[in-house]
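Here's the structure, in structure tokens; my notes come after.
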Amino acid sequence: MNQDRSDTGADSTDVIIVGSGAAGSALAARLAEGGKKIVILEAGPDRSNKDLISSQIWARRLKWSGPPVIETGNDKIGHIFNTGYGVGGSALHHFGVWPRLHPEDFNSFSSYERGLDWPIAYEDLKPWYDQVQQEVGISGDAEQETWRPDGAPYPMGPVPVFAQGHVIKRGFDTLGIKTAPLPLAITTRPYNGRPACIWDGWCDAGCPTGALANPLTVYLPKAKTAGAILTTNATVTRILTTRDGTLATGVEYAGENGSRKQLLARVVVLAAFSVQNPRLLLASASEKHPNGLANSSDCVGRYIMTHPAGSIYGLFDDETLSYLGAVGGQLLSQDGYDKLTHRDKGAFGSYQWMIAQAVKPNDLLGIGLTRPDLFGSKLQAFMERAIRGFATMTAVAEDLPDTNNRLILADEKDHLGVPLAKVTHTTHPESKALWQAVMDEGQAIFKAAGAQAIWTGPQAPMHIMGGTIMGSNPMTSVTNSFGQTHDIPNLVIAGPGLFPTSGGVNPTYTVHALAMRTSRHLLDNWNVLTA
Amino acid sequence: MKGCLISQAPLFVQGGAEKMLQTRRSFLSGAGAGLLTFSLGGCKVEMTPGEARRQQASYSILNAEEVRVLDALAETLLPGAAAAGMAHFIDHQLAAAPGRQLLMIKYLGVDPPFSAFYQAGLTALNVYSKTRYGQPFPAIDPAQAHELVTTISQENPAGWEGAPAPFFYFVLRNDAVDVLYGTRAGIEGLGIPYMAHIEPATPW
């Protein structure tokens with residue numbers, strides 16, 4: 001049994017985990033394997049592999065369908081596209097691009113007086129990166145990644161390079177910019193009972209084969225095997241605390257029919273992503289925490305970040321076979337990862353190229369949307385031409401944290417009476433300059449590759465980070481390096497909301513590494529934590 | 001309507017195992033082709049959106065005038081989109097529960113329900129057509145329709161009501177791409193393989 005009856009009559013458990021995405025499922029697996037009773041409360045519906053239908057239209061069911069998030073600012077965070085809904089969360093439709101943060105990402109302020117420092121160094125995460133890499137199975141070629149931080153080599157060989165990758169690589173080679181196989185949490189050979197990927201480009205619709213390491217494939221099965229209970233359609237509406245406000249005691253949640261229940265626990269973990277976590281903290285304000293839980297620093301909701309991403313598109317005479325491969329891409333370039341690479345253009349920050357993404361004709365990332373100006377017979381002609389010679393690559397650029405990019409509670413409430421989240425985000429000028437410089441570089445690369453036509457997409461928000469940042473100083477951050485909130489030590493945050501700075505890489509690998517580090521800490525300090 | 005469900009691909013036929021197998025194949029083929037349930041003559045009938053259009057199956061949300069405008073707009077945005085069932089696609093999605101709607105507008109900062117967005121835009125388009133050409137949008141010739149869509153793709157015409165015209169254009173244009181190129185038939189029609197892991201039982 002994972003739930004007991006408390007003195008008050010409410011059910012109780014050791015750990016409540018709010019959210020079943022990347023962070024929640026990894027923590028659930030490790031803590032359950034460590035002997036703790038775990039209940040995961042997932043606001044959305046249950047998902048299984050049969051729900052991962054190969055269609056960009058059907059894939060939209062996996063995106064956020066919960067209460068609206070009000071978005072303002074010049075550069076909105078793209079909440080619905082970047083967020084998942086249901087078991088597996090955002091990671092259910094993530095593309096499996098898993099590079100590591102670099103050592104310089106952890107001390108950005110100390111080194112450059114830009115951004116914020118992490119309370120840990122790369123070396124603190126390195127063993128957890130290595131452990132996750134082995135457990136999940138990442139494909140890549142560490143030797144070719146000359147920029148790669150120190151770490152164990154990949155357990156699987158790299159993604160194959162198809163025609164599109166070779167075509168674009170010509171441009172990088174001509175300009176002397178290094179590339180390497182893209183590190184992917186996707187199998188290139190049978191691995192731990194999972195089959196090898198067949199590179200058919202359906203990652204965004206969710207991978208039902210088990211080749212891509214989404215939560216349904218790796219950590220949720222581990223968690224369930226170890227006894228964790230997953231409750232779906234259970235929306236947490238409030239975090240409960242002791243009368244003096246010093247400890248979390250559990251949560252109040254609404255079931256599918258709206259009925260309210262309480263579940264008590266010795267530790268509460270919020271793993272509901274970068275928007276719902278701070279929303280829930282703020283909405284749980286009490287007499288002892290009038291500005292929201294864990295918010296004595298006034299930092300809850302602040303420093304929301306989203307990578308300013310940009311795509312380069314080109315038409316080539318070559319047959320690019322752009323429907324083959326992984327949606328994340330085939331090749332990577334972090335040759336310009338140094339934060340000062342484009343300083344002469346007023347830019348600051350790191351960036352990477354994800355090269356040769358597999359594309360479908362439709363949807364937000366599809367070929368058809370790359371030329372929204374075309375319609376009628378011109379659109380038809382474009383599609384017929386592009387399906388043969390289209391190529392693309394996408395830059396992920398660092399988003400400098402800004403205290404004014406923040407989430408607050410709106411006046412409007414959802415159907416359960418919880419105030420909606422209102423998120424303001426405007427890209428930092430030096431991050432915007434970085435995006436522009438990188439777009440210029442990308443066009444030069446495509447020109448060098450021999451593209452017959454080159455065009456670019458708009459600045460697009462990719463990933464959502466911050467909002468509950470970790471730090472050493474309780475006056476300027478929400479949690480310590482393990483995600484424990486400074487104010488309420490048995491209230492723990494997990495996920496990319498912890499990131500004080502974004503770096504220029506995809507966050508999911510780091511989310512897993514942090515979750516592993518946190519779970520070890522919780523298990524090692526359980527008695528102290530729950531005394 | 002109870003007792004009135006009709007499938008264009010018969011599920012059961014008289015005969016032996018071989019015929020049953022053929023029927024099974026027919027069913028799977030029909031499912032792959034995308035059978036949805038439409039209302040026809042008071043009965044619930046399973047057919048493809050294209051068949052629904054040809055057989056004039058009724059609509060749940062859009063009225064007859066809105067459908068005429070949408071059909072004409074679909075054909076202007078992407079020839080073949082109307083015949084592929086764009087009006088039924090949009091109507092079908094608008095009738096679904098908000099959490100199950102599959103329209104791309106979901107990503108674009110418009111809160112559900114989306115009916116008001118579509119209906120206001122179609123009305124505005126028709127009003128603008130009457131103002132500019134003296135006729136409703138379905139009645140103007142293709143060159144005029146092209147001119148009009150070019151305008152709304154770039155700016156809000158005077159008197160336009162509803163969501164901004166370029167945004168309306170953007171959303172409807174991408175709906176057309178969904179319908180024509182986002183299905184097995186559409187992808188294979190472009191000459192590339194569909195390669196489904198899990199075949200969608202219906203295109204949407």
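Chains: A, B, ... in order of the structure tokens. Residues: from 1 per chain. Ligands: from 1, in order shown.
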
Compute the chain A side of the contact with chain B at 8 Å, counting only C-alpha atoms, and hand it back as a ChimeraX atom specification. /A:50,52-58,60-61,65-66,68,71,78,80-81,200,202,208-209,323,360-364,368-369,372-373,375-377,379-380,383-384,387

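The spacing separating CA of Leu263 (chain A) from CA of Arg47 (chain A) amounts to 23.0 Å.
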
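The two atoms in question, CA of Leu101 (chain A) and CA of Thr501 (chain A), are spaced 10.4 Å apart.
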
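Taking CA of Gln131 (chain A) and CA of Leu270 (chain A) as the two end points, the separation is 23.0 Å.
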
Using only C-alpha atoms, determine which residues lie at most 10 Å from Ser296 (chain A), disregarding the query and same-chain residues fewer than 4 positions distant; provide the list as a PDB file with all heavy atoms, in the first residue's frame.
ATOM      1  N   HIS A 289       2.435  32.672   4.961  1.00  0.00           N
ATOM      2  CA  HIS A 289       3.127  32.922   3.683  1.00  0.00           C
ATOM      3  C   HIS A 289       2.214  33.766   2.797  1.00  0.00           C
ATOM      4  O   HIS A 289       1.675  33.281   1.792  1.00  0.00           O
ATOM      5  CB  HIS A 289       3.461  31.597   2.985  1.00  0.00           C
ATOM      6  CG  HIS A 289       4.354  30.696   3.776  1.00  0.00           C
ATOM      7  ND1 HIS A 289       5.723  30.837   3.796  1.00  0.00           N
ATOM      8  CD2 HIS A 289       4.070  29.647   4.600  1.00  0.00           C
ATOM      9  CE1 HIS A 289       6.252  29.899   4.567  1.00  0.00           C
ATOM     10  NE2 HIS A 289       5.262  29.179   5.075  1.00  0.00           N
ATOM     11  N   PRO A 290       2.029  35.025   3.169  1.00  0.00           N
ATOM     12  CA  PRO A 290       1.028  35.849   2.477  1.00  0.00           C
ATOM     13  C   PRO A 290       1.356  36.109   1.005  1.00  0.00           C
ATOM     14  O   PRO A 290       0.450  36.398   0.225  1.00  0.00           O
ATOM     15  CB  PRO A 290       1.022  37.153   3.283  1.00  0.00           C
ATOM     16  CG  PRO A 290       2.337  37.168   3.999  1.00  0.00           C
ATOM     17  CD  PRO A 290       2.677  35.751   4.277  1.00  0.00           C
ATOM     18  N   ASN A 291       2.604  35.995   0.635  1.00  0.00           N
ATOM     19  CA  ASN A 291       2.977  36.234  -0.768  1.00  0.00           C
ATOM     20  C   ASN A 291       3.154  34.940  -1.559  1.00  0.00           C
ATOM     21  O   ASN A 291       3.716  34.950  -2.656  1.00  0.00           O
ATOM     22  CB  ASN A 291       4.272  37.047  -0.838  1.00  0.00           C
ATOM     23  CG  ASN A 291       4.104  38.414  -0.226  1.00  0.00           C
ATOM     24  OD1 ASN A 291       3.064  39.052  -0.409  1.00  0.00           O
ATOM     25  ND2 ASN A 291       5.100  38.843   0.544  1.00  0.00           N
ATOM     26  N   GLY A 292       2.685  33.860  -0.968  1.00  0.00           N
ATOM     27  CA  GLY A 292       2.849  32.568  -1.627  1.00  0.00           C
ATOM     28  C   GLY A 292       3.880  31.735  -0.895  1.00  0.00           C
ATOM     29  O   GLY A 292       4.776  32.261  -0.229  1.00  0.00           O
ATOM     30  N   VAL A 300       9.647  33.780  -6.420  1.00  0.00           N
ATOM     31  CA  VAL A 300       8.778  32.802  -7.082  1.00  0.00           C
ATOM     32  C   VAL A 300       8.118  33.462  -8.291  1.00  0.00           C
ATOM     33  O   VAL A 300       7.509  34.517  -8.184  1.00  0.00           O
ATOM     34  CB  VAL A 300       7.711  32.261  -6.114  1.00  0.00           C
ATOM     35  CG1 VAL A 300       6.658  31.442  -6.872  1.00  0.00           C
ATOM     36  CG2 VAL A 300       8.354  31.406  -5.034  1.00  0.00           C
ATOM     37  N   PRO A 474      19.241  32.525   0.086  1.00  0.00           N
ATOM     38  CA  PRO A 474      17.770  32.466   0.223  1.00  0.00           C
ATOM     39  C   PRO A 474      17.087  33.799  -0.060  1.00  0.00           C
ATOM     40  O   PRO A 474      15.872  33.816  -0.277  1.00  0.00           O
ATOM     41  CB  PRO A 474      17.578  32.065   1.693  1.00  0.00           C
ATOM     42  CG  PRO A 474      18.860  31.445   2.110  1.00  0.00           C
ATOM     43  CD  PRO A 474      19.928  32.149   1.336  1.00  0.00           C
ATOM     44  N   MET A 475      17.845  34.881  -0.071  1.00  0.00           N
ATOM     45  CA  MET A 475      17.245  36.185  -0.356  1.00  0.00           C
ATOM     46  C   MET A 475      17.027  36.402  -1.850  1.00  0.00           C
ATOM     47  O   MET A 475      16.268  37.276  -2.255  1.00  0.00           O
ATOM     48  CB  MET A 475      18.141  37.304   0.182  1.00  0.00           C
ATOM     49  CG  MET A 475      18.413  37.224   1.667  1.00  0.00           C
ATOM     50  SD  MET A 475      16.933  37.532   2.630  1.00  0.00           S
ATOM     51  CE  MET A 475      16.769  39.307   2.398  1.00  0.00           C
ATOM     52  N   THR A 476      17.726  35.625  -2.658  1.00  0.00           N
ATOM     53  CA  THR A 476      17.673  35.869  -4.106  1.00  0.00           C
ATOM     54  C   THR A 476      17.319  34.631  -4.923  1.00  0.00           C
ATOM     55  O   THR A 476      17.501  34.613  -6.138  1.00  0.00           O
ATOM     56  CB  THR A 476      19.031  36.412  -4.604  1.00  0.00           C
ATOM     57  OG1 THR A 476      20.045  35.456  -4.261  1.00  0.00           O
ATOM     58  CG2 THR A 476      19.345  37.755  -3.995  1.00  0.00           C
ATOM     59  N   SER A 477      16.848  33.593  -4.260  1.00  0.00           N
ATOM     60  CA  SER A 477      16.476  32.373  -4.985  1.00  0.00           C
ATOM     61  C   SER A 477      15.391  31.649  -4.207  1.00  0.00           C
ATOM     62  O   SER A 477      15.125  31.950  -3.041  1.00  0.00           O
ATOM     63  CB  SER A 477      17.706  31.473  -5.182  1.00  0.00           C
ATOM     64  OG  SER A 477      18.264  31.108  -3.933  1.00  0.00           O
ATOM     65  N   VAL A 478      14.793  30.654  -4.855  1.00  0.00           N
ATOM     66  CA  VAL A 478      13.658  29.946  -4.247  1.00  0.00           C
ATOM     67  C   VAL A 478      14.103  28.659  -3.567  1.00  0.00           C
ATOM     68  O   VAL A 478      13.568  28.274  -2.539  1.00  0.00           O
ATOM     69  CB  VAL A 478      12.596  29.651  -5.334  1.00  0.00           C
ATOM     70  CG1 VAL A 478      11.409  28.881  -4.746  1.00  0.00           C
ATOM     71  CG2 VAL A 478      12.108  30.950  -5.972  1.00  0.00           C
ATOM     72  N   HIS A 486      13.945  27.136   0.152  1.00  0.00           N
ATOM     73  CA  HIS A 486      14.652  27.688   1.314  1.00  0.00           C
ATOM     74  C   HIS A 486      13.715  27.826   2.506  1.00  0.00           C
ATOM     75  O   HIS A 486      14.124  27.621   3.650  1.00  0.00           O
ATOM     76  CB  HIS A 486      15.223  29.066   0.962  1.00  0.00           C
ATOM     77  CG  HIS A 486      16.309  29.029  -0.060  1.00  0.00           C
ATOM     78  ND1 HIS A 486      17.474  28.318   0.099  1.00  0.00           N
ATOM     79  CD2 HIS A 486      16.405  29.652  -1.263  1.00  0.00           C
ATOM     80  CE1 HIS A 486      18.255  28.498  -0.970  1.00  0.00           C
ATOM     81  NE2 HIS A 486      17.627  29.306  -1.808  1.00  0.00           N
ATOM     82  N   ASP A 487      12.463  28.158   2.245  1.00  0.00           N
ATOM     83  CA  ASP A 487      11.546  28.454   3.347  1.00  0.00           C
ATOM     84  C   ASP A 487      10.930  27.205   3.953  1.00  0.00           C
ATOM     85  O   ASP A 487      10.629  27.167   5.148  1.00  0.00           O
ATOM     86  CB  ASP A 487      10.402  29.345   2.841  1.00  0.00           C
ATOM     87  CG  ASP A 487      10.876  30.701   2.334  1.00  0.00           C
ATOM     88  OD1 ASP A 487      12.061  31.031   2.562  1.00  0.00           O
ATOM     89  OD2 ASP A 487      10.072  31.413   1.712  1.00  0.00           O
TER      90      ASP A 487
END

Choose the residue, out of A:Arg385, A:Lys345, A:Arg30, A:His521, that has the smallest atom-to-atom separation from Leu315 (chain A); count only C-alpha atoms. A:Arg385

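For region 333-341 of chain A, the residues within 7 Å (counting only C-alpha atoms, excluding itself and residues fewer than 5 positions away along the chain) are Trp147, Ile177, Lys178, Thr179, Ala180, Phe348, Gly349, Ser350, Tyr351, Gln352, Trp353 and Met354 of chain A.
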
Would you put the residues from that selection into a file with all heavy atoms, as a short mmCIF file (atom, residue, chain, number, x, y, z; two decimals), in the first residue's frame?
data_model
loop_
_atom_site.label_atom_id
_atom_site.label_comp_id
_atom_site.auth_asym_id
_atom_site.auth_seq_id
_atom_site.Cartn_x
_atom_site.Cartn_y
_atom_site.Cartn_z
N TRP A 147 33.76 20.13 -28.33
CA TRP A 147 33.33 21.09 -27.33
C TRP A 147 32.74 20.42 -26.09
O TRP A 147 32.40 21.07 -25.14
CB TRP A 147 32.26 22.00 -27.94
CG TRP A 147 31.21 21.17 -28.64
CD1 TRP A 147 30.24 20.42 -28.06
CD2 TRP A 147 31.08 20.96 -30.05
NE1 TRP A 147 29.50 19.75 -29.01
CE2 TRP A 147 29.98 20.07 -30.24
CE3 TRP A 147 31.77 21.44 -31.17
CZ2 TRP A 147 29.57 19.65 -31.51
CZ3 TRP A 147 31.34 21.01 -32.41
CH2 TRP A 147 30.26 20.14 -32.58
N ILE A 177 33.50 25.39 -39.74
CA ILE A 177 32.77 25.25 -38.48
C ILE A 177 32.53 23.76 -38.23
O ILE A 177 32.02 23.05 -39.10
CB ILE A 177 31.42 26.00 -38.53
CG1 ILE A 177 31.65 27.48 -38.87
CG2 ILE A 177 30.70 25.87 -37.20
CD1 ILE A 177 30.37 28.25 -39.12
N LYS A 178 32.90 23.31 -37.05
CA LYS A 178 32.84 21.88 -36.76
C LYS A 178 31.40 21.41 -36.51
O LYS A 178 30.58 22.15 -35.93
CB LYS A 178 33.68 21.55 -35.53
CG LYS A 178 35.17 21.75 -35.75
CD LYS A 178 35.92 21.56 -34.45
CE LYS A 178 37.40 21.88 -34.65
NZ LYS A 178 38.07 22.13 -33.36
N THR A 179 31.15 20.19 -36.90
CA THR A 179 29.89 19.53 -36.57
C THR A 179 30.20 18.16 -35.99
O THR A 179 31.32 17.66 -36.11
CB THR A 179 28.99 19.34 -37.81
OG1 THR A 179 29.69 18.52 -38.75
CG2 THR A 179 28.63 20.67 -38.45
N ALA A 180 29.19 17.58 -35.36
CA ALA A 180 29.31 16.23 -34.81
C ALA A 180 27.92 15.62 -34.80
O ALA A 180 26.92 16.35 -34.92
CB ALA A 180 29.87 16.28 -33.39
N PHE A 348 25.43 38.40 -26.36
CA PHE A 348 26.06 37.62 -25.30
C PHE A 348 25.31 36.31 -25.17
O PHE A 348 24.07 36.29 -25.19
CB PHE A 348 26.01 38.35 -23.95
CG PHE A 348 26.57 37.52 -22.83
CD1 PHE A 348 27.93 37.53 -22.56
CD2 PHE A 348 25.74 36.68 -22.08
CE1 PHE A 348 28.45 36.73 -21.54
CE2 PHE A 348 26.26 35.88 -21.07
CZ PHE A 348 27.62 35.91 -20.81
N GLY A 349 26.07 35.24 -24.98
CA GLY A 349 25.44 33.96 -24.68
C GLY A 349 25.91 32.84 -25.58
O GLY A 349 26.58 33.05 -26.58
N SER A 350 25.50 31.65 -25.16
CA SER A 350 25.88 30.44 -25.89
C SER A 350 24.78 30.04 -26.87
O SER A 350 23.62 30.41 -26.68
CB SER A 350 26.12 29.29 -24.92
OG SER A 350 27.19 29.61 -24.05
N TYR A 351 25.16 29.28 -27.89
CA TYR A 351 24.16 28.78 -28.82
C TYR A 351 24.67 27.51 -29.48
O TYR A 351 25.86 27.19 -29.42
CB TYR A 351 23.82 29.83 -29.90
CG TYR A 351 24.94 30.10 -30.87
CD1 TYR A 351 24.99 29.48 -32.12
CD2 TYR A 351 25.98 30.97 -30.54
CE1 TYR A 351 26.02 29.72 -33.01
CE2 TYR A 351 27.02 31.21 -31.42
CZ TYR A 351 27.04 30.59 -32.65
OH TYR A 351 28.07 30.82 -33.52
N GLN A 352 23.75 26.80 -30.07
CA GLN A 352 24.10 25.58 -30.80
C GLN A 352 23.21 25.49 -32.03
O GLN A 352 22.13 26.08 -32.09
CB GLN A 352 23.87 24.35 -29.91
CG GLN A 352 22.40 24.14 -29.54
CD GLN A 352 22.14 22.85 -28.77
OE1 GLN A 352 23.07 22.23 -28.27
NE2 GLN A 352 20.89 22.45 -28.67
N TRP A 353 23.69 24.75 -33.00
CA TRP A 353 22.89 24.40 -34.17
C TRP A 353 22.45 22.95 -34.09
O TRP A 353 23.28 22.06 -33.92
CB TRP A 353 23.68 24.59 -35.47
CG TRP A 353 23.91 26.01 -35.86
CD1 TRP A 353 25.09 26.70 -35.82
CD2 TRP A 353 22.92 26.92 -36.36
NE1 TRP A 353 24.90 27.99 -36.26
CE2 TRP A 353 23.58 28.16 -36.60
CE3 TRP A 353 21.56 26.83 -36.62
CZ2 TRP A 353 22.91 29.28 -37.09
CZ3 TRP A 353 20.89 27.94 -37.10
CH2 TRP A 353 21.57 29.15 -37.33
N MET A 354 21.16 22.72 -34.22
CA MET A 354 20.64 21.37 -34.43
C MET A 354 20.37 21.27 -35.92
O MET A 354 19.57 22.04 -36.47
CB MET A 354 19.35 21.15 -33.64
CG MET A 354 19.56 21.31 -32.13
SD MET A 354 18.10 20.85 -31.16
CE MET A 354 16.87 21.96 -31.80
#

Region 103-115 of chain A: which residues within 9 Å, counting only C-alpha atoms, same-chain residues fewer than 3 positions away excluded, as a PyMOL selection string? chain A and resi 118-123+149+338-339+348-350+399-402+500-504

Store the residues picked out above in a file with N, CA and C atoms, as a PDB file, in the first residue's frame.
ATOM      1  N   TRP A 118      24.745  29.402 -10.982  1.00  0.00           N
ATOM      2  CA  TRP A 118      24.129  28.240 -10.345  1.00  0.00           C
ATOM      3  C   TRP A 118      24.828  28.022  -8.989  1.00  0.00           C
ATOM      4  N   PRO A 119      24.160  27.372  -8.047  1.00  0.00           N
ATOM      5  CA  PRO A 119      24.820  27.073  -6.763  1.00  0.00           C
ATOM      6  C   PRO A 119      25.692  25.826  -6.849  1.00  0.00           C
ATOM      7  N   ILE A 120      25.779  25.240  -8.016  1.00  0.00           N
ATOM      8  CA  ILE A 120      26.613  24.063  -8.233  1.00  0.00           C
ATOM      9  C   ILE A 120      27.460  24.290  -9.480  1.00  0.00           C
ATOM     10  N   ALA A 121      28.482  23.456  -9.600  1.00  0.00           N
ATOM     11  CA  ALA A 121      29.338  23.507 -10.789  1.00  0.00           C
ATOM     12  C   ALA A 121      29.041  22.302 -11.673  1.00  0.00           C
ATOM     13  N   TYR A 122      29.589  22.352 -12.885  1.00  0.00           N
ATOM     14  CA  TYR A 122      29.397  21.213 -13.793  1.00  0.00           C
ATOM     15  C   TYR A 122      29.852  19.919 -13.135  1.00  0.00           C
ATOM     16  N   GLU A 123      30.934  19.971 -12.400  1.00  0.00           N
ATOM     17  CA  GLU A 123      31.469  18.759 -11.778  1.00  0.00           C
ATOM     18  C   GLU A 123      30.467  18.114 -10.829  1.00  0.00           C
ATOM     19  N   PRO A 149      31.784  18.786 -22.685  1.00  0.00           N
ATOM     20  CA  PRO A 149      32.393  18.746 -21.352  1.00  0.00           C
ATOM     21  C   PRO A 149      32.832  17.336 -21.000  1.00  0.00           C
ATOM     22  N   ASP A 338      31.033  29.452 -27.013  1.00  0.00           N
ATOM     23  CA  ASP A 338      31.641  30.489 -26.164  1.00  0.00           C
ATOM     24  C   ASP A 338      30.696  31.691 -26.082  1.00  0.00           C
ATOM     25  N   LYS A 339      30.477  32.174 -24.880  1.00  0.00           N
ATOM     26  CA  LYS A 339      29.466  33.216 -24.686  1.00  0.00           C
ATOM     27  C   LYS A 339      29.834  34.545 -25.338  1.00  0.00           C
ATOM     28  N   PHE A 348      25.433  38.403 -26.358  1.00  0.00           N
ATOM     29  CA  PHE A 348      26.056  37.621 -25.299  1.00  0.00           C
ATOM     30  C   PHE A 348      25.306  36.311 -25.170  1.00  0.00           C
ATOM     31  N   GLY A 349      26.067  35.238 -24.981  1.00  0.00           N
ATOM     32  CA  GLY A 349      25.439  33.964 -24.679  1.00  0.00           C
ATOM     33  C   GLY A 349      25.906  32.838 -25.576  1.00  0.00           C
ATOM     34  N   SER A 350      25.503  31.649 -25.163  1.00  0.00           N
ATOM     35  CA  SER A 350      25.881  30.438 -25.892  1.00  0.00           C
ATOM     36  C   SER A 350      24.776  30.036 -26.870  1.00  0.00           C
ATOM     37  N   ASP A 399      18.989  32.489 -23.344  1.00  0.00           N
ATOM     38  CA  ASP A 399      18.097  33.571 -22.936  1.00  0.00           C
ATOM     39  C   ASP A 399      18.557  34.061 -21.577  1.00  0.00           C
ATOM     40  N   LEU A 400      19.108  35.252 -21.528  1.00  0.00           N
ATOM     41  CA  LEU A 400      19.584  35.768 -20.249  1.00  0.00           C
ATOM     42  C   LEU A 400      18.412  35.974 -19.294  1.00  0.00           C
ATOM     43  N   PRO A 401      18.578  35.575 -18.041  1.00  0.00           N
ATOM     44  CA  PRO A 401      17.488  35.737 -17.079  1.00  0.00           C
ATOM     45  C   PRO A 401      17.268  37.204 -16.740  1.00  0.00           C
ATOM     46  N   ASP A 402      16.013  37.556 -16.605  1.00  0.00           N
ATOM     47  CA  ASP A 402      15.634  38.933 -16.278  1.00  0.00           C
ATOM     48  C   ASP A 402      14.548  38.863 -15.212  1.00  0.00           C
ATOM     49  N   PRO A 500      18.873  28.666 -13.008  1.00  0.00           N
ATOM     50  CA  PRO A 500      19.091  30.110 -12.851  1.00  0.00           C
ATOM     51  C   PRO A 500      19.486  30.785 -14.169  1.00  0.00           C
ATOM     52  N   THR A 501      20.145  30.038 -15.030  1.00  0.00           N
ATOM     53  CA  THR A 501      20.430  30.521 -16.384  1.00  0.00           C
ATOM     54  C   THR A 501      20.160  29.370 -17.342  1.00  0.00           C
ATOM     55  N   SER A 502      19.918  29.726 -18.575  1.00  0.00           N
ATOM     56  CA  SER A 502      19.403  28.711 -19.486  1.00  0.00           C
ATOM     57  C   SER A 502      20.473  27.959 -20.246  1.00  0.00           C
ATOM     58  N   GLY A 503      21.671  28.546 -20.364  1.00  0.00           N
ATOM     59  CA  GLY A 503      22.642  27.970 -21.281  1.00  0.00           C
ATOM     60  C   GLY A 503      22.077  27.982 -22.688  1.00  0.00           C
ATOM     61  N   GLY A 504      22.758  27.285 -23.589  1.00  0.00           N
ATOM     62  CA  GLY A 504      22.297  27.251 -24.974  1.00  0.00           C
ATOM     63  C   GLY A 504      22.004  25.849 -25.443  1.00  0.00           C
TER      64      GLY A 504
END

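Nearest to Tyr303 (chain A) of all the residues A:Ile16, A:Val267, A:Val132, A:Leu407 is A:Leu407, based on only C-alpha atoms.
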
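The shell of residues at most 7 Å from region 89-97 of chain B, with only C-alpha atoms counted and near chain neighbours (fewer than 5 positions) removed, consists of Pro49, Tyr59, Ser60, Ile61, Leu62, Leu102, Leu103, Phe114 and Ser115 of chain B.
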
Run DSSP on the backbone and grab whatever in region 84-156 of chain B lands in helix (DSSP H, G or I); send it over as a PyMOL selection string. chain B and resi 86-94+98-100+104-107+115-133+137-139+142-154

List every residue of region 271-383 of chain A that DSSP, applied to the backbone, labels as strand (DSSP E), and write the result as a list in words. Met305, Thr306, His307, Pro308, Ala309, Gly310, Ser311, Ile312, Tyr313, Gly314, Leu315, Leu331, Leu332, Ser333, Tyr351, Gln352, Trp353, Met354 and Ile355 of chain A

Write out as a ChimeraX atom specification which residues come within 12 Å of Lys130 (chain B) when counting only C-alpha atoms, dropping same-chain ones fewer than 4 positions away. /B:123-126,134-140,144-145,148,159
